[in-house]
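See below for entry03.pdb, which holds PDB, C-alpha atoms, pLDDT in the B column.
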```pdb
ATOM      1  CA  MET X  29     137.564 -69.845 -39.640  1.00 46.00           C
ATOM      2  CA  ARG X  30     137.340 -66.891 -37.255  1.00 45.00           C
ATOM      3  CA  GLU X  31     140.523 -65.274 -35.983  1.00 52.00           C
ATOM      4  CA  GLU X  32     139.211 -65.724 -32.411  1.00 59.00           C
ATOM      5  CA  LYS X  33     138.803 -69.482 -32.815  1.00 58.00           C
ATOM      6  CA  THR X  34     138.204 -71.238 -29.521  1.00 66.00           C
ATOM      7  CA  ALA X  35     137.471 -74.872 -30.415  1.00 87.00           C
ATOM      8  CA  LEU X  36     139.232 -77.103 -32.886  1.00 93.00           C
ATOM      9  CA  ASP X  37     137.352 -79.688 -34.906  1.00 94.00           C
ATOM     10  CA  GLU X  38     138.638 -83.179 -35.707  1.00 94.00           C
ATOM     11  CA  ILE X  39     140.177 -82.036 -38.998  1.00 95.00           C
ATOM     12  CA  GLU X  40     142.187 -79.269 -37.325  1.00 96.00           C
ATOM     13  CA  ARG X  41     143.276 -81.505 -34.445  1.00 95.00           C
ATOM     14  CA  GLY X  42     144.465 -84.145 -36.938  1.00 95.00           C
ATOM     15  CA  ILE X  43     146.359 -81.560 -38.958  1.00 96.00           C
ATOM     16  CA  LEU X  44     148.075 -80.213 -35.834  1.00 96.00           C
ATOM     17  CA  TYR X  45     148.965 -83.717 -34.716  1.00 95.00           C
ATOM     18  CA  TYR X  46     150.635 -84.690 -37.992  1.00 95.00           C
ATOM     19  CA  LEU X  47     152.410 -81.363 -38.336  1.00 95.00           C
ATOM     20  CA  GLN X  48     153.907 -82.024 -34.902  1.00 93.00           C
ATOM     21  CA  VAL X  49     154.995 -85.496 -36.030  1.00 92.00           C
ATOM     22  CA  ASP X  50     157.051 -84.126 -38.944  1.00 92.00           C
ATOM     23  CA  ALA X  51     156.003 -80.795 -40.464  1.00 92.00           C
ATOM     24  CA  ARG X  52     159.037 -80.689 -42.750  1.00 92.00           C
ATOM     25  CA  ASN X  53     158.143 -83.861 -44.617  1.00 93.00           C
ATOM     26  CA  MET X  54     154.358 -83.917 -44.200  1.00 93.00           C
ATOM     27  CA  THR X  55     152.503 -82.753 -47.322  1.00 96.00           C
ATOM     28  CA  ASP X  56     148.820 -81.865 -47.497  1.00 97.00           C
ATOM     29  CA  SER X  57     148.311 -85.203 -49.283  1.00 97.00           C
ATOM     30  CA  ASP X  58     150.147 -87.117 -46.549  1.00 97.00           C
ATOM     31  CA  ILE X  59     147.996 -85.526 -43.860  1.00 96.00           C
ATOM     32  CA  SER X  60     144.922 -86.153 -46.003  1.00 96.00           C
ATOM     33  CA  ASP X  61     145.770 -89.876 -46.137  1.00 96.00           C
ATOM     34  CA  HIS X  62     145.971 -89.989 -42.333  1.00 95.00           C
ATOM     35  CA  ILE X  63     142.852 -88.019 -41.454  1.00 95.00           C
ATOM     36  CA  GLY X  64     140.546 -88.914 -44.358  1.00 95.00           C
ATOM     37  CA  TYR X  65     139.847 -85.457 -45.779  1.00 96.00           C
ATOM     38  CA  SER X  66     140.953 -84.074 -49.148  1.00 97.00           C
ATOM     39  CA  PRO X  67     144.354 -82.403 -49.626  1.00 97.00           C
ATOM     40  CA  THR X  68     142.486 -79.216 -50.605  1.00 97.00           C
ATOM     41  CA  THR X  69     140.593 -79.236 -47.305  1.00 97.00           C
ATOM     42  CA  VAL X  70     143.847 -79.852 -45.425  1.00 97.00           C
ATOM     43  CA  GLY X  71     145.622 -76.989 -47.218  1.00 97.00           C
ATOM     44  CA  THR X  72     142.750 -74.581 -46.601  1.00 97.00           C
ATOM     45  CA  ARG X  73     142.562 -75.533 -42.935  1.00 97.00           C
ATOM     46  CA  ILE X  74     146.329 -75.080 -42.499  1.00 97.00           C
ATOM     47  CA  GLU X  75     146.024 -71.574 -43.963  1.00 97.00           C
ATOM     48  CA  ASP X  76     143.118 -70.878 -41.575  1.00 96.00           C
ATOM     49  CA  LEU X  77     145.139 -72.149 -38.598  1.00 96.00           C
ATOM     50  CA  GLU X  78     148.042 -69.909 -39.613  1.00 96.00           C
ATOM     51  CA  THR X  79     145.763 -66.877 -40.053  1.00 95.00           C
ATOM     52  CA  ALA X  80     144.259 -67.485 -36.614  1.00 94.00           C
ATOM     53  CA  GLU X  81     147.838 -67.791 -35.246  1.00 94.00           C
ATOM     54  CA  ILE X  82     147.120 -71.256 -33.877  1.00 95.00           C
ATOM     55  CA  ILE X  83     150.085 -72.323 -36.015  1.00 95.00           C
ATOM     56  CA  LYS X  84     152.594 -69.580 -35.313  1.00 93.00           C
ATOM     57  CA  THR X  85     155.713 -71.081 -36.865  1.00 92.00           C
ATOM     58  CA  TYR X  86     157.282 -74.302 -38.075  1.00 91.00           C
ATOM     59  CA  ASP X  87     160.135 -74.716 -35.621  1.00 87.00           C
ATOM     60  CA  PRO X  88     162.744 -77.357 -36.459  1.00 86.00           C
ATOM     61  CA  VAL X  89     164.596 -79.172 -33.692  1.00 85.00           C
ATOM     62  CA  ILE X  90     168.254 -78.518 -34.428  1.00 90.00           C
ATOM     63  CA  ASN X  91     171.174 -80.561 -33.165  1.00 92.00           C
ATOM     64  CA  PHE X  92     173.329 -77.548 -32.321  1.00 94.00           C
ATOM     65  CA  GLU X  93     176.346 -79.656 -31.371  1.00 94.00           C
ATOM     66  CA  LYS X  94     176.446 -81.298 -34.819  1.00 94.00           C
ATOM     67  CA  ALA X  95     175.888 -77.866 -36.391  1.00 95.00           C
ATOM     68  CA  GLY X  96     179.087 -76.598 -34.734  1.00 96.00           C
ATOM     69  CA  PHE X  97     177.605 -74.959 -31.628  1.00 96.00           C
ATOM     70  CA  PRO X  98     178.512 -77.316 -28.787  1.00 96.00           C
ATOM     71  CA  TYR X  99     177.656 -74.902 -25.964  1.00 97.00           C
ATOM     72  CA  ARG X 100     173.971 -74.711 -25.097  1.00 97.00           C
ATOM     73  CA  LEU X 101     172.585 -73.387 -21.845  1.00 97.00           C
ATOM     74  CA  VAL X 102     169.301 -72.374 -20.319  1.00 98.00           C
ATOM     75  CA  LEU X 103     169.449 -69.284 -18.137  1.00 98.00           C
ATOM     76  CA  PHE X 104     166.807 -68.957 -15.449  1.00 97.00           C
ATOM     77  CA  VAL X 105     166.254 -65.285 -14.757  1.00 97.00           C
ATOM     78  CA  THR X 106     163.884 -63.099 -12.810  1.00 96.00           C
ATOM     79  CA  ALA X 107     162.476 -60.155 -14.744  1.00 96.00           C
ATOM     80  CA  PRO X 108     160.245 -57.400 -13.396  1.00 94.00           C
ATOM     81  CA  THR X 109     156.685 -58.651 -13.915  1.00 93.00           C
ATOM     82  CA  GLU X 110     155.412 -55.427 -15.446  1.00 94.00           C
ATOM     83  CA  THR X 111     158.076 -55.419 -18.191  1.00 94.00           C
ATOM     84  CA  ARG X 112     158.700 -59.163 -18.540  1.00 95.00           C
ATOM     85  CA  SER X 113     157.128 -59.537 -22.017  1.00 95.00           C
ATOM     86  CA  GLU X 114     158.902 -56.486 -23.409  1.00 96.00           C
ATOM     87  CA  LEU X 115     162.221 -57.675 -21.954  1.00 96.00           C
ATOM     88  CA  ALA X 116     161.705 -61.128 -23.461  1.00 97.00           C
ATOM     89  CA  HIS X 117     161.343 -59.618 -26.932  1.00 97.00           C
ATOM     90  CA  ASP X 118     164.378 -57.376 -26.388  1.00 97.00           C
ATOM     91  CA  LEU X 119     166.480 -60.296 -25.138  1.00 97.00           C
ATOM     92  CA  LEU X 120     165.817 -62.189 -28.371  1.00 97.00           C
ATOM     93  CA  GLU X 121     168.123 -59.628 -30.001  1.00 97.00           C
ATOM     94  CA  VAL X 122     171.112 -60.751 -27.880  1.00 97.00           C
ATOM     95  CA  HIS X 123     173.604 -62.707 -29.978  1.00 97.00           C
ATOM     96  CA  GLY X 124     173.323 -66.416 -29.195  1.00 97.00           C
ATOM     97  CA  VAL X 125     169.836 -66.246 -27.646  1.00 98.00           C
ATOM     98  CA  ILE X 126     167.602 -68.613 -29.609  1.00 96.00           C
ATOM     99  CA  ARG X 127     164.531 -69.132 -27.448  1.00 96.00           C
ATOM    100  CA  ILE X 128     162.810 -67.542 -24.486  1.00 97.00           C
ATOM    101  CA  ARG X 129     160.008 -68.944 -22.392  1.00 97.00           C
ATOM    102  CA  GLU X 130     157.970 -66.447 -20.420  1.00 96.00           C
ATOM    103  CA  LEU X 131     156.574 -67.979 -17.241  1.00 95.00           C
ATOM    104  CA  LEU X 132     153.868 -66.670 -14.938  1.00 92.00           C
ATOM    105  CA  SER X 133     155.831 -67.325 -11.760  1.00 81.00           C
ATOM    106  CA  GLY X 134     157.163 -64.408  -9.748  1.00 78.00           C
ATOM    107  CA  THR X 135     160.711 -65.753  -9.698  1.00 90.00           C
ATOM    108  CA  GLU X 136     162.667 -67.400 -12.488  1.00 95.00           C
ATOM    109  CA  ASN X 137     159.964 -66.069 -14.793  1.00 96.00           C
ATOM    110  CA  LEU X 138     162.076 -66.190 -17.971  1.00 97.00           C
ATOM    111  CA  GLN X 139     163.996 -69.145 -19.342  1.00 97.00           C
ATOM    112  CA  ILE X 140     166.528 -68.018 -21.933  1.00 98.00           C
ATOM    113  CA  GLU X 141     168.209 -70.557 -24.186  1.00 97.00           C
ATOM    114  CA  VAL X 142     171.677 -69.591 -25.439  1.00 98.00           C
ATOM    115  CA  VAL X 143     173.961 -71.382 -27.901  1.00 97.00           C
ATOM    116  CA  GLY X 144     177.510 -70.716 -28.965  1.00 97.00           C
ATOM    117  CA  ARG X 145     180.637 -72.099 -30.596  1.00 97.00           C
ATOM    118  CA  THR X 146     182.899 -71.389 -27.631  1.00 97.00           C
ATOM    119  CA  ARG X 147     182.670 -70.790 -23.897  1.00 96.00           C
ATOM    120  CA  ASP X 148     183.723 -67.202 -24.475  1.00 97.00           C
ATOM    121  CA  GLU X 149     180.930 -66.680 -26.992  1.00 97.00           C
ATOM    122  CA  VAL X 150     178.341 -68.007 -24.521  1.00 97.00           C
ATOM    123  CA  ALA X 151     179.898 -65.915 -21.721  1.00 97.00           C
ATOM    124  CA  GLU X 152     179.459 -62.799 -23.879  1.00 98.00           C
ATOM    125  CA  SER X 153     175.798 -63.678 -24.439  1.00 97.00           C
ATOM    126  CA  ILE X 154     175.291 -64.181 -20.707  1.00 97.00           C
ATOM    127  CA  ALA X 155     176.991 -60.855 -19.958  1.00 97.00           C
ATOM    128  CA  ALA X 156     174.680 -59.132 -22.458  1.00 97.00           C
ATOM    129  CA  VAL X 157     171.655 -60.684 -20.726  1.00 97.00           C
ATOM    130  CA  GLU X 158     172.970 -59.536 -17.352  1.00 96.00           C
ATOM    131  CA  ASP X 159     173.278 -55.973 -18.711  1.00 96.00           C
ATOM    132  CA  THR X 160     169.474 -55.828 -18.846  1.00 96.00           C
ATOM    133  CA  PRO X 161     167.081 -55.370 -15.906  1.00 95.00           C
ATOM    134  CA  VAL X 162     166.941 -59.085 -15.125  1.00 96.00           C
ATOM    135  CA  GLU X 163     168.526 -61.110 -12.355  1.00 96.00           C
ATOM    136  CA  LEU X 164     170.325 -64.289 -13.394  1.00 97.00           C
ATOM    137  CA  VAL X 165     169.309 -66.908 -10.845  1.00 96.00           C
ATOM    138  CA  ARG X 166     170.986 -69.985 -12.307  1.00 96.00           C
ATOM    139  CA  SER X 167     172.027 -71.667 -15.523  1.00 96.00           C
ATOM    140  CA  GLU X 168     171.948 -75.251 -16.736  1.00 96.00           C
ATOM    141  CA  VAL X 169     173.738 -76.994 -19.604  1.00 95.00           C
ATOM    142  CA  VAL X 170     171.348 -78.612 -22.082  1.00 93.00           C
ATOM    143  CA  LYS X 171     172.320 -82.139 -23.068  1.00 91.00           C
ATOM    144  CA  ASN X 172     169.337 -83.136 -25.248  1.00 88.00           C
ATOM    145  CA  GLN X 173     165.848 -82.013 -26.139  1.00 87.00           C
ATOM    146  CA  TYR X 174     162.907 -84.335 -26.707  1.00 88.00           C
ATOM    147  CA  SER X 175     159.369 -83.659 -27.824  1.00 88.00           C
ATOM    148  CA  ARG X 176     156.288 -85.429 -29.087  1.00 90.00           C
ATOM    149  CA  PRO X 177     152.900 -84.493 -30.513  1.00 91.00           C
ATOM    150  CA  PHE X 178     150.182 -83.461 -28.070  1.00 92.00           C
ATOM    151  CA  ASP X 179     147.875 -86.460 -27.432  1.00 90.00           C
ATOM    152  CA  GLU X 180     144.683 -84.407 -27.579  1.00 91.00           C
ATOM    153  CA  PHE X 181     145.304 -83.686 -31.269  1.00 91.00           C
ATOM    154  CA  ALA X 182     145.713 -87.352 -32.204  1.00 90.00           C
ATOM    155  CA  PRO X 183     142.992 -88.613 -34.529  1.00 85.00           C
ATOM    156  CA  ASP X 184     140.895 -91.455 -33.172  1.00 74.00           C
ATOM    157  CA  GLN X 185     142.541 -94.693 -34.172  1.00 53.00           C
TER     158      GLN X 185
END
```
Since I need it in another form, could you write the structure as structure tokens?
Amino acid sequence: MREEKTALDEIERGILYYLQVDARNMTDSDISDHIGYSPTTVGTRIEDLETAEIIKTYDPVINFEKAGFPYRLVLFVTAPTETRSELAHDLLEVHGVIRIRELLSGTENLQIEVVGRTRDEVAESIAAVEDTPVELVRSEVVKNQYSRPFDEFAPDQ
């Protein structure tokens, strides 16, 4: 597989689909059973997808409230366009910041997810964000998060 891969074949789409279903518990053999190719082929293709950075990470969905962090917010901020990416990486170093989405819009172009044990802890994280060259536009409390595999990766049934 080339590092500049542009098109996925049916094997790769199937692998991506089943990894999205449950990467933690999905073995190469399990995926093989679903898509009809050998576990060796599946393992090799996963390595290729990782090398090409199509699979960048295996990101678990954590129930922060049950883990003892009941405060979870998304901050919508405006960052200077020319330094937005650099700021996003810097903001990941702020205590309590767990995820940042960089958007192409001119306003509210970063979404920063913050978790904490207490209101004060989250307030400190917000203050640290505000000490950077971004403008906090608004914040929202996160109640739940839902996701599902991308349909286009689903193997033909």
Just how far from CA of Val162 (chain X) is CA of Ala107 (chain X), in Å to one decimal?
->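 CA of Val162 (chain X) lies at a distance of 4.6 Å from CA of Ala107 (chain X).
With only C-alpha atoms as the atoms that count, the minimum distance from Ser113 (chain X) to the choices X:Ala95, X:Ile126, X:Ala151, X:Leu138 is reached by X:Leu138.
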Once 4 Å is added on each side, what are the centre and the three edge lengths, in Å to one decimal, of the axis-aligned box enclosing the listed atoms of region 107-117 of chain X? Present them as AutoDock Vina command-line options.
```
--center_x 158.9 --center_y -58.3 --center_z -20.2 --size_x 15.1 --size_y 13.7 --size_z 21.5
```
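Residue nearest Gly64 (chain X), chosen from X:Glu38, X:Glu163, X:Asp148, X:Glu180 and counting all atoms listed in the file: X:Glu38.
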Quick one: apply the PyMOL selection byres ((chain X and resi 141) around 8) to the file and drop the selected residues here as number ranges by chain.
-> X: 100-103, 125-128, 139-140, 142-143
How would the residues just picked look written out with C-alpha atoms as a PDB file, in the frame of the given file?
```pdb
ATOM      1  CA  ARG X 100     173.971 -74.711 -25.097  1.00 97.00           C
ATOM      2  CA  LEU X 101     172.585 -73.387 -21.845  1.00 97.00           C
ATOM      3  CA  VAL X 102     169.301 -72.374 -20.319  1.00 98.00           C
ATOM      4  CA  LEU X 103     169.449 -69.284 -18.137  1.00 98.00           C
ATOM      5  CA  VAL X 125     169.836 -66.246 -27.646  1.00 98.00           C
ATOM      6  CA  ILE X 126     167.602 -68.613 -29.609  1.00 96.00           C
ATOM      7  CA  ARG X 127     164.531 -69.132 -27.448  1.00 96.00           C
ATOM      8  CA  ILE X 128     162.810 -67.542 -24.486  1.00 97.00           C
ATOM      9  CA  GLN X 139     163.996 -69.145 -19.342  1.00 97.00           C
ATOM     10  CA  ILE X 140     166.528 -68.018 -21.933  1.00 98.00           C
ATOM     11  CA  VAL X 142     171.677 -69.591 -25.439  1.00 98.00           C
ATOM     12  CA  VAL X 143     173.961 -71.382 -27.901  1.00 97.00           C
TER      13      VAL X 143
END
```
What residues have an atom no more than 9 Å from (161.0, -75.9, -29.5) in the file's own frame, counting all atoms listed in the file, and can you write them as a ChimeraX atom specification?
-> /X:87-89,127,173,175
Which residues fall under the PyMOL selection byres ((chain X and resi 122) around 10) in this file, as a PDB file with C-alpha atoms, in the coordinates of the input?
```
ATOM      1  CA  HIS X 117     161.343 -59.618 -26.932  1.00 97.00           C
ATOM      2  CA  ASP X 118     164.378 -57.376 -26.388  1.00 97.00           C
ATOM      3  CA  LEU X 119     166.480 -60.296 -25.138  1.00 97.00           C
ATOM      4  CA  LEU X 120     165.817 -62.189 -28.371  1.00 97.00           C
ATOM      5  CA  GLU X 121     168.123 -59.628 -30.001  1.00 97.00           C
ATOM      6  CA  HIS X 123     173.604 -62.707 -29.978  1.00 97.00           C
ATOM      7  CA  GLY X 124     173.323 -66.416 -29.195  1.00 97.00           C
ATOM      8  CA  VAL X 125     169.836 -66.246 -27.646  1.00 98.00           C
ATOM      9  CA  ILE X 126     167.602 -68.613 -29.609  1.00 96.00           C
ATOM     10  CA  VAL X 142     171.677 -69.591 -25.439  1.00 98.00           C
ATOM     11  CA  GLU X 152     179.459 -62.799 -23.879  1.00 98.00           C
ATOM     12  CA  SER X 153     175.798 -63.678 -24.439  1.00 97.00           C
ATOM     13  CA  ILE X 154     175.291 -64.181 -20.707  1.00 97.00           C
ATOM     14  CA  ALA X 155     176.991 -60.855 -19.958  1.00 97.00           C
ATOM     15  CA  ALA X 156     174.680 -59.132 -22.458  1.00 97.00           C
ATOM     16  CA  VAL X 157     171.655 -60.684 -20.726  1.00 97.00           C
TER      17      VAL X 157
END
```
Could you tell me how far CA of Val70 (chain X) lies from CA of Asp179 (chain X), in Å and to one decimal?
-> 19.6 Å
Mind giving me the straight-line distance from CA of Phe178 (chain X) to CA of Gln48 (chain X) in Å, one decimal?
->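 Calculated distance between CA of Phe178 (chain X) and CA of Gln48 (chain X) is 7.9 Å.
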Just say which residues the PyMOL selection byres ((chain X and resi 63) around 12) picks in this file, as a CSV table (one decimal) with C-alpha atoms, in the frame of the given file.
```
chain,number,residue,atom,x,y,z
X,37,ASP,CA,137.4,-79.7,-34.9
X,38,GLU,CA,138.6,-83.2,-35.7
X,39,ILE,CA,140.2,-82.0,-39.0
X,40,GLU,CA,142.2,-79.3,-37.3
X,41,ARG,CA,143.3,-81.5,-34.4
X,42,GLY,CA,144.5,-84.1,-36.9
X,43,ILE,CA,146.4,-81.6,-39.0
X,44,LEU,CA,148.1,-80.2,-35.8
X,45,TYR,CA,149.0,-83.7,-34.7
X,46,TYR,CA,150.6,-84.7,-38.0
X,56,ASP,CA,148.8,-81.9,-47.5
X,57,SER,CA,148.3,-85.2,-49.3
X,58,ASP,CA,150.1,-87.1,-46.5
X,59,ILE,CA,148.0,-85.5,-43.9
X,60,SER,CA,144.9,-86.2,-46.0
X,61,ASP,CA,145.8,-89.9,-46.1
X,62,HIS,CA,146.0,-90.0,-42.3
X,64,GLY,CA,140.5,-88.9,-44.4
X,65,TYR,CA,139.8,-85.5,-45.8
X,66,SER,CA,141.0,-84.1,-49.1
X,67,PRO,CA,144.4,-82.4,-49.6
X,69,THR,CA,140.6,-79.2,-47.3
X,70,VAL,CA,143.8,-79.9,-45.4
X,181,PHE,CA,145.3,-83.7,-31.3
X,182,ALA,CA,145.7,-87.4,-32.2
X,183,PRO,CA,143.0,-88.6,-34.5
X,184,ASP,CA,140.9,-91.5,-33.2
X,185,GLN,CA,142.5,-94.7,-34.2
```
Kindly indicate which residue among X:Arg147, X:Arg129, X:Ala116, X:Leu77 lies nearest to Leu47 (chain X), using all atoms listed in the file for the distances.
->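 Answer, going by the shortest atom-to-atom distance: X:Leu77.
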